[in-house]
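Novice: Okay, so here is input-v7.cif, and as you'll see once you scroll down, it has mmCIF, C-alpha atoms.
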data_protein
#
loop_
_atom_site.label_atom_id
_atom_site.label_comp_id
_atom_site.auth_asym_id
_atom_site.auth_seq_id
_atom_site.Cartn_x
_atom_site.Cartn_y
_atom_site.Cartn_z
CA MET H 49 129.68 106.01 90.94
CA SER H 50 128.12 109.15 89.57
CA THR H 51 124.47 110.07 89.11
CA MET H 52 124.80 108.40 85.72
CA GLN H 53 125.08 105.13 87.57
CA ILE H 54 121.95 105.62 89.69
CA ASP H 55 120.05 106.66 86.56
CA ARG H 56 121.03 103.42 84.87
CA LEU H 57 119.86 101.41 87.88
CA LEU H 58 116.54 103.26 88.03
CA ASP H 59 115.99 102.86 84.28
CA THR H 60 116.59 99.11 84.58
CA MET H 61 114.13 98.96 87.46
CA ILE H 62 111.41 100.76 85.51
CA LYS H 63 112.03 98.71 82.37
CA LEU H 64 111.77 95.38 84.21
CA GLY H 65 108.89 96.51 86.43
CA ALA H 66 110.78 95.71 89.65
CA ASN H 67 109.25 96.73 92.99
CA ASP H 68 112.41 97.52 94.92
CA LEU H 69 116.10 98.17 94.41
CA HIS H 70 118.44 97.05 97.23
CA LEU H 71 121.87 98.67 97.46
CA THR H 72 124.28 97.45 100.12
CA VAL H 73 128.03 97.09 100.47
CA GLY H 74 129.51 93.73 99.45
CA ARG H 75 126.81 92.81 96.97
CA PRO H 76 125.85 93.95 93.46
CA PRO H 77 122.69 96.10 93.16
CA THR H 78 119.73 93.74 93.64
CA LEU H 79 116.14 94.01 92.38
CA ARG H 80 113.00 92.60 93.93
CA LEU H 81 111.15 91.28 90.90
CA HIS H 82 107.78 89.47 91.27
CA GLY H 83 108.63 88.75 94.90
CA SER H 84 112.15 87.32 94.33
CA LEU H 85 115.57 88.97 94.70
CA ARG H 86 117.68 89.16 91.52
CA ASN H 87 121.29 90.44 91.40
CA LEU H 88 122.10 92.83 88.56
CA GLN H 89 125.09 91.90 86.41
CA THR H 90 127.22 94.80 87.65
CA LYS H 91 130.11 95.13 90.04
CA VAL H 92 129.82 94.58 93.77
CA LEU H 93 129.20 97.82 95.68
CA ASP H 94 131.95 99.13 97.95
CA SER H 95 131.77 101.77 100.71
CA GLU H 96 132.85 104.60 98.44
CA SER H 97 130.33 103.84 95.71
CA MET H 98 127.54 103.59 98.31
CA VAL H 99 128.35 107.09 99.61
CA GLY H 100 128.36 108.39 96.02
CA LEU H 101 124.99 106.79 95.25
CA MET H 102 123.48 108.13 98.47
CA LYS H 103 124.73 111.69 97.85
CA SER H 104 123.47 111.67 94.25
CA ILE H 105 119.80 111.44 95.33
CA THR H 106 119.54 112.37 99.02
CA PRO H 107 118.56 116.00 99.83
CA GLU H 108 120.93 117.93 102.15
CA GLN H 109 118.42 118.03 105.00
CA LYS H 110 117.96 114.24 104.80
CA GLN H 111 121.74 113.67 104.69
CA GLN H 112 121.92 115.55 107.97
CA GLU H 113 119.17 113.37 109.46
CA LEU H 114 121.10 110.28 108.29
CA ALA H 115 124.23 111.56 110.06
CA GLU H 116 122.33 112.32 113.29
CA GLU H 117 119.79 109.48 113.45
CA GLY H 118 121.47 106.74 111.42
CA GLY H 119 118.65 106.63 108.90
CA THR H 120 116.29 108.72 106.77
CA ASP H 121 113.34 108.27 104.40
CA PHE H 122 112.19 110.46 101.54
CA GLY H 123 110.33 110.38 98.25
CA PHE H 124 111.64 111.74 94.97
CA ALA H 125 110.36 112.10 91.44
CA TYR H 126 112.46 110.56 88.68
CA GLY H 127 111.54 112.81 85.77
CA GLU H 128 108.15 111.86 84.33
CA ALA H 129 108.94 108.15 84.55
CA ALA H 130 108.19 107.35 88.18
CA ARG H 131 108.47 108.28 91.83
CA PHE H 132 110.56 106.46 94.37
CA ARG H 133 110.30 106.03 98.11
CA VAL H 134 113.81 105.78 99.51
CA SER H 135 115.09 104.47 102.82
CA VAL H 136 118.78 105.13 103.58
CA PHE H 137 120.30 103.65 106.71
CA ARG H 138 123.62 102.77 108.31
CA GLN H 139 124.59 99.15 108.88
CA ARG H 140 127.97 97.84 110.07
CA ASN H 141 129.29 101.40 109.71
CA ASP H 142 128.43 101.44 106.01
CA LEU H 143 125.40 102.71 104.15
CA ALA H 144 122.54 100.73 102.65
CA MET H 145 119.58 101.94 100.59
CA VAL H 146 116.26 100.53 99.49
CA LEU H 147 114.30 102.28 96.73
CA ARG H 148 110.65 101.36 96.23
CA LEU H 149 109.16 102.15 92.81
CA ILE H 150 105.85 104.01 92.97
CA PRO H 151 104.16 103.82 89.58
CA ASN H 152 102.91 107.12 88.15
CA LYS H 153 99.80 105.46 86.78
CA LEU H 154 96.94 105.03 89.20
CA LEU H 155 95.12 101.74 88.81
CA THR H 156 91.36 101.20 88.65
CA PHE H 157 89.22 99.12 91.01
CA ASP H 158 89.03 96.31 88.45
CA GLN H 159 92.76 96.26 87.82
CA ILE H 160 93.59 95.63 91.45
CA GLY H 161 90.50 93.53 92.11
CA LEU H 162 89.13 95.60 94.98
CA PRO H 163 85.71 94.42 96.22
CA ASP H 164 83.04 96.34 94.28
CA VAL H 165 81.16 97.28 97.42
CA CYS H 166 84.07 99.65 98.26
CA LYS H 167 82.79 102.06 95.59
CA ASP H 168 79.53 102.52 97.52
CA LEU H 169 81.27 102.79 100.87
CA ILE H 170 83.62 105.58 99.82
CA ARG H 171 80.62 107.71 98.86
CA ARG H 172 79.57 107.79 102.50
CA PRO H 173 79.82 111.14 104.26
CA ARG H 174 81.40 109.81 107.45
CA GLY H 175 83.06 106.85 109.08
CA LEU H 176 86.34 105.01 109.39
CA PHE H 177 87.56 102.87 106.48
CA LEU H 178 90.58 100.79 107.52
CA VAL H 179 92.98 99.23 105.02
CA THR H 180 95.36 96.81 106.71
CA GLY H 181 98.06 94.29 105.90
CA PRO H 182 101.79 93.67 106.25
CA THR H 183 104.40 96.03 104.77
CA GLY H 184 104.50 95.79 100.98
CA SER H 185 101.00 94.31 100.69
CA GLY H 186 99.74 97.07 98.40
CA LYS H 187 97.81 99.13 100.99
CA THR H 188 99.15 102.38 99.54
CA THR H 189 98.06 101.38 96.04
CA SER H 190 94.55 100.38 97.16
CA LEU H 191 94.15 103.66 99.04
CA ALA H 192 95.47 105.68 96.09
CA THR H 193 92.89 103.95 93.86
CA MET H 194 90.06 104.82 96.27
CA ILE H 195 91.22 108.42 96.70
CA ASP H 196 91.46 108.73 92.91
CA TYR H 197 87.90 107.36 92.55
CA VAL H 198 86.60 109.97 95.01
CA ASN H 199 88.66 112.67 93.29
CA ALA H 200 87.29 111.79 89.84
CA ASN H 201 83.63 111.22 90.77
CA LEU H 202 82.72 113.34 93.79
CA GLU H 203 83.12 116.94 94.89
CA ARG H 204 85.13 116.62 98.05
CA HIS H 205 87.98 118.27 99.86
CA ILE H 206 90.50 115.47 100.43
CA VAL H 207 93.35 116.00 102.89
CA THR H 208 96.03 113.31 103.05
CA MET H 209 98.83 112.94 105.57
CA GLU H 210 101.57 110.62 104.37
CA ASP H 211 105.13 109.66 105.28
CA PRO H 212 106.39 110.12 102.61
CA ILE H 213 103.90 111.09 99.87
CA GLU H 214 103.87 108.25 97.37
CA TYR H 215 101.24 108.69 94.67
CA TYR H 216 100.68 112.29 93.56
CA HIS H 217 97.01 113.23 93.14
CA TYR H 218 95.99 116.15 90.94
CA HIS H 219 92.73 118.06 91.48
CA LYS H 220 89.87 116.61 89.43
CA LYS H 221 86.30 117.03 90.71
CA SER H 222 87.72 117.20 94.22
CA ILE H 223 90.42 119.33 95.81
CA VAL H 224 93.32 117.20 97.03
CA ASN H 225 95.83 118.57 99.53
CA GLN H 226 98.64 116.19 100.42
CA ARG H 227 100.76 116.85 103.50
CA GLU H 228 104.07 115.08 104.01
CA VAL H 229 104.86 114.21 107.60
CA GLY H 230 108.36 115.43 108.38
CA SER H 231 108.40 118.23 105.82
CA ASP H 232 104.90 119.83 105.71
CA VAL H 233 103.85 118.88 109.25
CA PRO H 234 105.79 117.30 112.14
CA THR H 235 103.55 114.34 113.06
CA PHE H 236 100.43 112.44 111.99
CA ALA H 237 98.64 113.48 115.18
CA GLU H 238 99.41 117.16 114.56
CA ALA H 239 98.32 116.86 110.90
CA LEU H 240 95.01 115.32 112.00
CA ARG H 241 94.39 117.96 114.63
CA ARG H 242 94.92 120.69 112.02
CA ALA H 243 92.95 118.87 109.34
CA LEU H 244 89.69 119.25 111.23
CA ARG H 245 89.94 123.04 110.74
CA GLN H 246 90.55 122.68 107.01
CA ASP H 247 86.95 121.84 106.05
CA PRO H 248 87.82 118.33 104.84
CA ASP H 249 85.33 115.75 103.57
CA CYS H 250 87.84 112.91 103.30
CA ILE H 251 90.98 112.44 105.36
CA LEU H 252 93.69 109.88 104.64
CA VAL H 253 95.89 108.99 107.62
CA GLY H 254 98.91 107.23 106.12
CA GLU H 255 99.67 105.38 109.33
CA MET H 256 97.77 105.04 112.58
CA ARG H 257 100.88 104.26 114.56
CA ASP H 258 100.25 105.65 118.05
CA LEU H 259 97.43 106.16 120.51
CA GLU H 260 97.14 109.88 119.81
CA THR H 261 96.72 109.33 116.05
CA ILE H 262 94.25 106.45 116.45
CA GLU H 263 92.18 108.52 118.88
CA ALA H 264 92.16 111.53 116.55
CA ALA H 265 91.20 109.37 113.54
CA VAL H 266 88.25 107.79 115.35
CA ARG H 267 87.11 111.19 116.58
CA ALA H 268 87.31 112.65 113.06
CA ALA H 269 85.24 109.73 111.72
CA GLU H 270 82.61 110.32 114.42
CA THR H 271 82.35 114.04 113.74
CA GLY H 272 81.30 113.69 110.11
CA HIS H 273 84.36 112.95 108.00
CA LEU H 274 85.25 109.94 105.91
CA VAL H 275 88.60 108.79 107.31
CA PHE H 276 90.87 106.28 105.56
CA GLY H 277 93.50 104.77 107.83
CA THR H 278 96.09 102.00 107.64
CA LEU H 279 97.41 99.53 110.18
CA HIS H 280 99.98 96.73 109.85
CA THR H 281 97.60 93.96 110.93
CA THR H 282 96.41 90.90 109.03
CA GLY H 283 92.71 90.11 109.20
CA ALA H 284 89.70 92.12 110.32
CA ALA H 285 89.30 90.72 113.84
CA LYS H 286 92.99 91.30 114.65
CA THR H 287 92.68 94.88 113.36
CA ILE H 288 89.85 95.65 115.76
CA ASP H 289 91.78 94.10 118.67
CA ARG H 290 94.86 96.13 117.73
CA VAL H 291 92.91 99.41 117.80
CA VAL H 292 91.27 98.58 121.14
CA ASP H 293 94.54 97.36 122.68
CA ALA H 294 96.26 100.65 121.83
CA PHE H 295 94.12 102.26 124.57
CA PRO H 296 94.61 102.01 128.33
CA VAL H 297 92.35 99.34 129.88
CA THR H 298 90.14 102.00 131.48
CA GLN H 299 89.27 103.43 128.04
CA GLN H 300 88.80 100.17 126.16
CA ASN H 301 85.06 99.89 126.71
CA GLN H 302 84.57 103.42 125.47
CA ILE H 303 86.67 102.88 122.33
CA ARG H 304 84.70 99.70 121.54
CA VAL H 305 81.49 101.71 121.63
CA GLN H 306 83.02 104.44 119.45
CA LEU H 307 84.39 101.90 116.97
CA SER H 308 81.08 100.08 116.71
CA THR H 309 79.47 103.27 115.39
CA ALA H 310 82.39 104.88 113.54
CA LEU H 311 83.91 101.89 111.72
CA ILE H 312 82.50 101.27 108.22
CA CYS H 313 84.70 98.38 107.11
CA VAL H 314 88.09 96.71 107.28
CA LEU H 315 89.86 95.71 104.06
CA SER H 316 92.81 93.50 104.92
CA GLN H 317 95.15 92.48 102.13
CA VAL H 318 98.23 90.46 101.24
CA LEU H 319 100.19 90.43 98.00
CA LEU H 320 101.03 87.11 96.33
CA GLY H 321 103.27 86.11 93.44
CA ARG H 322 101.29 84.70 90.51
CA VAL H 323 102.10 81.41 88.81
CA ASP H 324 99.81 81.75 85.77
CA THR H 325 101.34 85.02 84.54
CA LYS H 326 104.12 87.27 85.72
CA GLY H 327 103.34 89.72 88.46
CA MET H 328 101.39 89.84 91.68
CA VAL H 329 97.78 89.43 92.78
CA ALA H 330 96.17 90.72 95.97
CA GLY H 331 94.28 88.52 98.40
CA TYR H 332 91.59 90.29 100.43
CA GLU H 333 89.68 89.88 103.64
CA PHE H 334 86.68 92.16 103.78
CA LEU H 335 84.56 93.02 106.80
CA LEU H 336 81.56 95.28 106.48
CA VAL H 337 80.25 96.60 109.79
CA THR H 338 76.59 95.54 109.90
CA PRO H 339 74.44 96.06 113.02
CA ALA H 340 75.23 92.48 114.07
CA ILE H 341 78.99 93.08 113.74
CA ALA H 342 78.71 96.45 115.49
CA ASN H 343 77.25 94.52 118.46
CA LEU H 344 80.18 92.08 118.46
CA ILE H 345 82.64 95.00 118.46
CA ARG H 346 80.79 96.78 121.26
CA ASP H 347 80.59 93.62 123.39
CA GLY H 348 84.27 92.80 122.89
CA LYS H 349 83.49 89.56 121.03
CA SER H 350 85.95 89.98 118.19
CA PHE H 351 86.67 86.22 118.27
CA ARG H 352 83.22 85.74 116.68
CA ILE H 353 83.92 88.13 113.80
CA ASP H 354 85.39 85.51 111.46
CA SER H 355 82.24 83.40 111.53
CA ALA H 356 80.15 86.57 111.08
CA ILE H 357 82.17 87.34 107.93
CA GLN H 358 81.46 83.85 106.67
CA THR H 359 77.71 84.33 107.08
CA GLY H 360 77.93 87.87 105.63
CA LYS H 361 78.87 86.78 102.09
CA LYS H 362 75.70 88.36 100.68
CA PHE H 363 77.07 91.77 101.76
CA GLY H 364 80.29 91.09 99.86
CA MET H 365 82.23 90.00 102.93
CA GLN H 366 84.95 87.38 102.64
CA LEU H 367 87.61 85.74 104.77
CA LEU H 368 91.21 86.01 103.61
CA ASP H 369 91.73 82.24 103.47
CA ASP H 370 88.58 81.80 101.36
CA HIS H 371 89.85 84.32 98.84
CA LEU H 372 93.32 82.74 98.79
CA TRP H 373 91.72 79.33 98.27
CA SER H 374 89.76 80.63 95.29
CA LEU H 375 92.95 82.14 93.79
CA TYR H 376 94.69 78.78 94.30
CA THR H 377 91.92 76.66 92.77
CA ARG H 378 91.81 79.02 89.78
CA GLY H 379 95.50 78.25 89.22
CA MET H 380 96.66 81.81 89.93
CA ILE H 381 98.89 81.17 92.96
CA ALA H 382 100.99 78.27 94.25
CA ALA H 383 99.95 76.23 97.28
CA ASP H 384 103.00 77.18 99.37
CA GLU H 385 102.43 80.88 98.65
CA MET H 386 98.78 80.54 99.77
CA ILE H 387 99.83 78.75 102.96
CA ASP H 388 102.59 81.28 103.74
CA LYS H 389 100.20 84.21 103.46
CA GLY H 390 97.06 82.57 104.91
CA LYS H 391 95.75 83.03 108.44
CA ASN H 392 95.23 79.30 109.19
CA PRO H 393 98.09 77.47 107.44
CA GLN H 394 97.14 74.05 108.92
CA ASP H 395 93.57 74.22 107.57
CA LEU H 396 94.77 75.31 104.14
CA THR H 397 97.39 72.54 104.03
CA ALA H 398 94.73 69.96 104.93
CA LYS H 399 92.47 71.25 102.12
CA VAL H 400 95.33 70.97 99.60
CA HIS H 401 95.97 67.37 100.71
CA GLN H 402 92.26 66.58 100.40
CA LEU H 403 92.51 67.53 96.72
CA GLY H 404 95.36 65.03 96.45
CA HIS H 405 97.91 67.80 95.84
CA THR H 406 101.18 68.33 97.69
CA VAL H 407 102.64 71.51 99.12
CA GLY H 408 106.21 72.28 98.12
CA ARG H 409 108.48 69.24 98.26
CA PRO H 410 107.82 67.46 101.57
CA GLU H 411 109.96 64.41 100.67
CA LEU H 412 113.05 66.69 100.56
CA ASP H 413 112.29 68.04 104.00
CA GLU H 414 112.27 64.51 105.44
CA GLU H 415 115.70 63.79 103.97
CA ASP H 416 117.00 67.07 105.44
CA VAL H 417 115.75 66.08 108.86
CA LYS H 418 117.45 62.64 108.62
CA ALA H 419 120.68 64.30 107.54
CA GLU H 420 120.72 66.31 110.73
#
Before anything else, please render the file you have as structure tokens.
Specialist:
Amino acid sequence: MSTMQIDRLLDTMIKLGANDLHLTVGRPPTLRLHGSLRNLQTKVLDSESMVGLMKSITPEQKQQELAEEGGTDFGFAYGEAARFRVSVFRQRNDLAMVLRLIPNKLLTFDQIGLPDVCKDLIRRPRGLFLVTGPTGSGKTTSLATMIDYVNANLERHIVTMEDPIEYYHYHKKSIVNQREVGSDVPTFAEALRRALRQDPDCILVGEMRDLETIEAAVRAAETGHLVFGTLHTTGAAKTIDRVVDAFPVTQQNQIRVQLSTALICVLSQVLLGRVDTKGMVAGYEFLLVTPAIANLIRDGKSFRIDSAIQTGKKFGMQLLDDHLWSLYTRGMIAADEMIDKGKNPQDLTAKVHQLGHTVGRPELDEEDVKAE
């Protein structure tokens, strides 16, 4: 398999608008399209063709990392058409690769349905803006949209630290410097420490994955910078617990106090397959830190945050399940998809039944159980 082959696969991906391309030995190349896996009508990949595909796109330095560590990640531009984020790894002594398509076109707030209040919040001079959700929930896209909005409308110095860089930003009204962890700077924590000397207005921390990075991000937000950060949590209350729990018990009170003043909001999102049209739609939970919520954070009462969100609708706040329910009742998503991605599946199931609808095909499940 030559580079010609990988080009054909990438072209197919772009043409169909697939999110990911999975390449693994013993199976034909497979696309993730609107949430489902679809085999391409080509031959099954063998060990030799996998090595050829890997070598055709993986930089030397990354091939070395693959040999030493058993895996590597990198981003690459495919002409003008698109960028890809690639993960290459060993499995059962063979290679496997996953390529994620990163569209070149940045979307607008309206196109991805971000809460409007976000536009006002990202004009703020300081604070921590957290975007959370599981892998593949569109966090990167939401952040790229917000960074692009700042870049186009405000005069700011924006420093991003990403692993790897996904969307490329070009200087508009702002200056945008993007640092890739692993090639431009060794770690997120190091990038953050350096960033504070680079006269930034906005800082994007691609992943707050360890104590050192979380600490540095909170400190940067306190000292007069707008910091965007991501975590792999679902829901606002869980996000706050996750940040606090990253600290040793002796520091948890202090971090609660810091968070209560530094945190602006938490935008938690999931991505759902649509049933009314092709494609995906995002479901959001949105927490805006009001004085009342700041008190809950400071006092360690995160279990009361959900009901505070419910009463904070006038500020644009919403619970994830409420948003999913509205997408379902508008006929945009299926009941089982809503229940899979929701925070309280039992409550959502009960609400569906109250409408006289069913979820999936329960009668089949009963037969399966009897068969066992």
Novice: Could you expand the PyMOL selection byres ((chain H and resi 271) around 12) into the explicit residues it covers here, written as a PyMOL selection string?
Specialist: chain H and resi 173-176+244+247-250+264-270+272-275+306+309-310
Novice: For the provided coordinates, the residues matched by the PyMOL selection byres ((chain H and resi 51-67) around 10) should be stated as a PyMOL selection string.
Specialist: chain H and resi 49-50+68-69+77-86+88+90+97+100-105+126+129-130+132+147-151+184+327
Novice: Selection in question (the file shown): the PyMOL selection byres ((chain H and resi 210) around 9). Which residues does it include, as number ranges by chain?
Specialist: H: 208-209, 211-214, 226-229, 236, 252-255
Novice: Store the residues picked out above in a file with C-alpha atoms, as a PDB file, in the coordinates of the input.
Specialist:
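out-v3.pdb, freshly written:
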ATOM      1  CA  THR H 208      96.030 113.310 103.050  1.00  0.00           C
ATOM      2  CA  MET H 209      98.830 112.940 105.570  1.00  0.00           C
ATOM      3  CA  ASP H 211     105.130 109.660 105.280  1.00  0.00           C
ATOM      4  CA  PRO H 212     106.390 110.120 102.610  1.00  0.00           C
ATOM      5  CA  ILE H 213     103.900 111.090  99.870  1.00  0.00           C
ATOM      6  CA  GLU H 214     103.870 108.250  97.370  1.00  0.00           C
ATOM      7  CA  GLN H 226      98.640 116.190 100.420  1.00  0.00           C
ATOM      8  CA  ARG H 227     100.760 116.850 103.500  1.00  0.00           C
ATOM      9  CA  GLU H 228     104.070 115.080 104.010  1.00  0.00           C
ATOM     10  CA  VAL H 229     104.860 114.210 107.600  1.00  0.00           C
ATOM     11  CA  PHE H 236     100.430 112.440 111.990  1.00  0.00           C
ATOM     12  CA  LEU H 252      93.690 109.880 104.640  1.00  0.00           C
ATOM     13  CA  VAL H 253      95.890 108.990 107.620  1.00  0.00           C
ATOM     14  CA  GLY H 254      98.910 107.230 106.120  1.00  0.00           C
ATOM     15  CA  GLU H 255      99.670 105.380 109.330  1.00  0.00           C
TER      16      GLU H 255
END
Novice: How big is the axis-aligned box, and where does its centre sit, when it encloses all atoms of range 126-141 of chain H listed in the file and has 6 Å added on every side, reported in Å to one decimal as JSON?
Specialist:
{"center_x": 118.7, "center_y": 105.3, "center_z": 97.2, "size_x": 33.1, "size_y": 27.0, "size_z": 37.7}
Novice: Using all atoms listed in the file for the distances, tell me which of H:Ser374, H:Thr282, H:Thr189, H:Gln302 is nearest to Lys389 in chain H.
Specialist: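 Answer, going by the shortest atom-to-atom distance: H:Thr282.
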Novice: To one decimal in Å, tell me the separation between CA of Gly74 in chain H and CA of Ser185 in chain H.
Specialist: 28.5 Å
Novice: At what distance in Å, to one decimal, does CA of Arg241 in chain H lie from CA of Tyr218 in chain H?
Specialist: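 Rounded to one decimal, the two atoms are 23.8 Å apart.
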Novice: From the set H:Val305, H:Ile345, H:Cys166, H:Val318, which residue has the shortest atom-to-atom contact distance to Met365 in chain H, counting only C-alpha atoms?
Specialist: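 Distance minimum relative to Met365 in chain H lands on H:Cys166.
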Novice: Do you have the CA of Thr325 in chain H-CA of Gly186 in chain H distance handy?
Specialist: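 Between CA of Thr325 in chain H and CA of Gly186 in chain H the gap is 18.4 Å.
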Novice: Do you know which residues are at most 12 Å from Lys361 in chain H counting all atoms listed in the file, after dropping those on the same chain fewer than 5 positions away, and could you put them as number ranges by chain?
Specialist: H: 163, 165, 333-336, 338, 354-356, 366-367, 370-371
Novice: From the list H:Gln317, H:Gln299, H:Thr193, H:Gln246, which residue is nearest Gly390 in chain H when using only C-alpha atoms?
Specialist: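 Counting only C-alpha atoms, the residue closest to Gly390 in chain H is H:Gln317.
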Novice: Choose the residue, out of H:Met256, H:Gln402, H:Thr188, H:Ala382, that has the smallest atom-to-atom separation from Thr281 in chain H; count all atoms listed in the file.
Specialist: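 Of H:Met256, H:Gln402, H:Thr188, H:Ala382, the one nearest Thr281 in chain H, counting all atoms listed in the file, is H:Met256.
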Novice: Out of H:Phe276, H:Tyr332, H:Tyr376, H:Phe137, which residue has the shortest atom-to-atom distance to Val198 in chain H when counting all atoms listed in the file?
Specialist: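 Ranked by minimum distance to Val198 in chain H, first place goes to H:Phe276.
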Novice: Tell me which of H:Arg378, H:Lys391, H:Lys221, H:Arg171 sits closest to Lys286 in chain H, counting all atoms listed in the file.
Specialist: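 For Lys286 in chain H, the nearest of the candidates is H:Lys391.
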Novice: May I have the residues within 12 Å of Asp168 in chain H as a list in words, using all atoms listed in the file and disregarding those fewer than 4 positions away in the same chain?
Specialist: Pro163, Asp164, Arg172, Pro173, Met194, Tyr197, Val198, Asn201, Leu202, Ile312, Cys313, Leu336, Phe363 and Gly364 of chain H
